[in-house]
Amino acid sequence: MSLSVFIDGGHGTTGLEIRDRLAARPEIGLIELGEIDRKKENARRDALCSADIAILCLPDDAAREAVAMVRTARTRIIDASTAHRTSPGWIYGFPELGGDQPGAIAEARFVANPGCYPTGFLALIAPLTAGGLLPNNAAIAVYAISGYSGGGRAMIEEFESGGAKTANRAYGLSLDHKHLAEMQRYAGLASPPVFAPHVVNAYRGMIVEIGLSLGQFASGVSPDDIRSCLEARYRNTLISVLPASQSDAMDTIALEYRAGSDGLDIALYCNAQGSQIRLVAMLDNLGKGAAGAAVQNLNLMAGFEPTTGLTL
């Protein structure tokens, strides 16, 4: 028997990317609604309630409404919005977070897909705080850049129509970005990081980076200890720590370094004195940052090989 899947909001950017990853899989049967039925509440409710797994690619309020529509316990939900990432009863869908996170996702009824920026941030910081290398009261600033597809259909049209007033822009200047809650919670931090996101004139791709002084780490921690901690956490996962020889050979890192992939790479740099650390996460905002993560979570929930249907 096939697994029935309904993508609510399946004609948006993330929904289409998820559909592309699922459409050719014979073990999955996609429930699809025509253009008229997509706008009918009863048709959407029937689709949600008849699915084994529903994936929500909706704005936050619409995602909450969709969850409320599900009246049957058989339907399990993956929410790609921000609505439930820190909500009680929801499992955070980042299998590489540590502990038995893959097992928790596999058993969950409600899974909240991580944000794209938090995915890069947590990949860099969570192992270091969990391992005691970095105190949870460390002052952390995060610089990140994303392709414009992360802004959804309106931003895509703005950039691709030539109507964008600025091709590259900093935003989140009020320092209250909606991703901060999950970044703080799942990194185990006492206070939220300072988050400086930017969108640039490229369709897809993402770089998230953090600069730290070695003095911010626990006494005696070396750059080699930091690398070893990250390598140990991500062994046999979709996250890779680049060998020092490979990262050191890179004079620059392109935004599109991991574009078109559902994996994530980490590079670690330090100055000649070993006193300053620069951690860089490279991913696709639509891959491991969105659609790829949703499919990875679906695979875990359904008992499939976690990488099935992914591009690595």
# chains A, B, ... in the order shown; residues from 1 in each chain; ligands from 1
>>> residues_around(residues="stretch 124-126 of chain A", least_positions_apart="2", cutoff="7 Å", atoms="only C-alpha atoms", output="count of residues only")
10
>>> residues_around(residues="A:Leu30", least_positions_apart="4", cutoff="6 Å", atoms="only C-alpha atoms", output="VMD selection string")
chain A and resid 4 to 6
>>> residues_around(residues="A:Ser219", least_positions_apart="5", cutoff="12 Å", atoms="only C-alpha atoms", output="list in words")
Gly132, Leu133, Leu134, Pro135, Leu214 and Asp225 of chain A
>>> closest_residue(among="A:Ile226, A:Pro192, A:Arg25, A:Ala290", to="A:Ala138", atoms="only C-alpha atoms")
A:Pro192
>>> residues_around(residues="A:Pro26", least_positions_apart="4", cutoff="12 Å", atoms="only C-alpha atoms", output="PyMOL selection string")
chain A and resi 1-4+21-22+30+308-309
>>> atom_distance(atom1="atom CA of A:Gly211", atom2="atom CA of A:Leu312")
27.3 Å
>>> residues_around(residues="A:Gly89", least_positions_apart="2", cutoff="8 Å", atoms="only C-alpha atoms", output="compact mmCIF listing (two decimals) with N, CA and C atoms, in the first residue's frame")
# COMPACT_ATOMS: atom_id res chain seq x y z
N SER A 87 6.06 25.09 19.82
CA SER A 87 4.77 24.80 20.47
C SER A 87 4.81 23.48 21.21
N ILE A 91 7.17 18.15 17.65
CA ILE A 91 8.58 17.75 17.61
C ILE A 91 9.29 18.60 16.57
N PHE A 110 2.91 15.27 15.19
CA PHE A 110 3.07 16.66 14.75
C PHE A 110 4.56 17.01 14.69
>>> select_by_dssp(residues="stretch 137-242 of chain A", states="strand (DSSP E)", output="list in words")
Ala141, Val142, Tyr143, Ala144, Ile145, Ser146, Gly147, Arg169, Ala170, Val194, Phe195, Ala196, Pro197, His198, Val199, Val200, Met206, Ile207, Val208, Glu209, Ile210, Gly211, Leu212, Ser213, Ile239, Ser240 and Val241 of chain A
>>> write_last_selection(atoms="N, CA and C atoms", output="mmCIF file, in the first residue's frame")
data_model
loop_
_atom_site.group_PDB
_atom_site.id
_atom_site.type_symbol
_atom_site.label_atom_id
_atom_site.label_comp_id
_atom_site.auth_asym_id
_atom_site.auth_seq_id
_atom_site.Cartn_x
_atom_site.Cartn_y
_atom_site.Cartn_z
ATOM 1 N N ALA A 141 26.607 36.606 17.577
ATOM 2 C CA ALA A 141 26.046 37.349 16.449
ATOM 3 C C ALA A 141 26.101 36.469 15.212
ATOM 4 N N VAL A 142 25.027 36.457 14.463
ATOM 5 C CA VAL A 142 24.889 35.590 13.289
ATOM 6 C C VAL A 142 24.687 36.453 12.053
ATOM 7 N N TYR A 143 25.525 36.259 11.063
ATOM 8 C CA TYR A 143 25.376 36.934 9.769
ATOM 9 C C TYR A 143 24.927 35.881 8.763
ATOM 10 N N ALA A 144 23.900 36.185 7.971
ATOM 11 C CA ALA A 144 23.382 35.188 7.037
ATOM 12 C C ALA A 144 22.875 35.857 5.771
ATOM 13 N N ILE A 145 23.050 35.164 4.648
ATOM 14 C CA ILE A 145 22.528 35.646 3.373
ATOM 15 C C ILE A 145 21.752 34.518 2.690
ATOM 16 N N SER A 146 20.700 34.909 1.996
ATOM 17 C CA SER A 146 19.828 33.928 1.347
ATOM 18 C C SER A 146 19.466 34.386 -0.055
ATOM 19 N N GLY A 147 19.189 33.407 -0.908
ATOM 20 C CA GLY A 147 18.584 33.708 -2.189
ATOM 21 C C GLY A 147 17.169 34.215 -1.998
ATOM 22 N N ARG A 169 19.923 43.366 0.100
ATOM 23 C CA ARG A 169 19.395 44.163 1.206
ATOM 24 C C ARG A 169 19.540 43.446 2.541
ATOM 25 N N ALA A 170 19.809 44.226 3.572
ATOM 26 C CA ALA A 170 19.747 43.753 4.946
ATOM 27 C C ALA A 170 18.326 43.979 5.461
ATOM 28 N N VAL A 194 22.173 37.791 18.265
ATOM 29 C CA VAL A 194 21.951 38.944 17.393
ATOM 30 C C VAL A 194 21.957 38.402 15.963
ATOM 31 N N PHE A 195 20.853 38.587 15.266
ATOM 32 C CA PHE A 195 20.662 37.946 13.955
ATOM 33 C C PHE A 195 20.606 39.006 12.868
ATOM 34 N N ALA A 196 21.523 38.904 11.902
ATOM 35 C CA ALA A 196 21.632 39.885 10.818
ATOM 36 C C ALA A 196 21.426 39.200 9.472
ATOM 37 N N PRO A 197 20.159 39.040 9.028
ATOM 38 C CA PRO A 197 19.889 38.378 7.750
ATOM 39 C C PRO A 197 19.952 39.349 6.571
ATOM 40 N N HIS A 198 20.312 38.796 5.397
ATOM 41 C CA HIS A 198 20.367 39.562 4.152
ATOM 42 C C HIS A 198 19.779 38.717 3.034
ATOM 43 N N VAL A 199 19.111 39.368 2.090
ATOM 44 C CA VAL A 199 18.665 38.692 0.876
ATOM 45 C C VAL A 199 19.395 39.317 -0.300
ATOM 46 N N VAL A 200 19.828 38.462 -1.238
ATOM 47 C CA VAL A 200 20.626 38.945 -2.357
ATOM 48 C C VAL A 200 19.996 38.505 -3.675
ATOM 49 N N MET A 206 22.243 29.596 0.426
ATOM 50 C CA MET A 206 22.275 30.243 1.738
ATOM 51 C C MET A 206 23.634 30.026 2.382
ATOM 52 N N ILE A 207 24.105 31.068 3.052
ATOM 53 C CA ILE A 207 25.299 30.999 3.889
ATOM 54 C C ILE A 207 24.934 31.576 5.246
ATOM 55 N N VAL A 208 25.240 30.834 6.305
ATOM 56 C CA VAL A 208 25.046 31.297 7.676
ATOM 57 C C VAL A 208 26.401 31.209 8.365
ATOM 58 N N GLU A 209 26.836 32.309 8.991
ATOM 59 C CA GLU A 209 28.148 32.247 9.623
ATOM 60 C C GLU A 209 28.182 32.971 10.954
ATOM 61 N N ILE A 210 29.085 32.492 11.795
ATOM 62 C CA ILE A 210 29.240 33.002 13.155
ATOM 63 C C ILE A 210 30.728 33.193 13.419
ATOM 64 N N GLY A 211 31.091 34.346 13.924
ATOM 65 C CA GLY A 211 32.458 34.604 14.335
ATOM 66 C C GLY A 211 32.558 34.612 15.844
ATOM 67 N N LEU A 212 33.533 33.916 16.387
ATOM 68 C CA LEU A 212 33.688 33.804 17.837
ATOM 69 C C LEU A 212 35.152 33.959 18.228
ATOM 70 N N SER A 213 35.378 34.561 19.371
ATOM 71 C CA SER A 213 36.705 34.563 19.962
ATOM 72 C C SER A 213 36.884 33.282 20.745
ATOM 73 N N ILE A 239 24.683 16.276 7.117
ATOM 74 C CA ILE A 239 25.547 17.421 7.373
ATOM 75 C C ILE A 239 26.995 16.944 7.350
ATOM 76 N N SER A 240 27.837 17.671 6.638
ATOM 77 C CA SER A 240 29.248 17.309 6.512
ATOM 78 C C SER A 240 30.122 18.458 6.985
ATOM 79 N N VAL A 241 31.190 18.116 7.692
ATOM 80 C CA VAL A 241 32.205 19.095 8.073
ATOM 81 C C VAL A 241 33.351 18.956 7.073
#
>>> residues_around(residues="A:Ala43", least_positions_apart="6", cutoff="12 Å", atoms="only C-alpha atoms", output="list of chain:residue names")
A:Phe6, A:Asp8, A:Ile31, A:Glu32, A:Leu33, A:Gly34, A:Glu35, A:Ile36, A:Asp37, A:Cys49, A:Ser50, A:Ala66, A:Met69
>>> closest_residue(among="A:Leu264, A:Ala181, A:Ala68, A:Leu298", to="A:Ala80", atoms="only C-alpha atoms")
A:Leu298
>>> atom_distance(atom1="atom CA of A:Gly303", atom2="atom CA of A:Ala106")
7.1 Å
>>> closest_residue(among="A:Asn137, A:Thr119, A:Ser191, A:Asn113", to="A:Gln296", atoms="only C-alpha atoms")
A:Asn113
>>> closest_residue(among="A:Leu16, A:Leu56, A:Ala294, A:Val111", to="A:Arg153", atoms="only C-alpha atoms")
A:Leu16
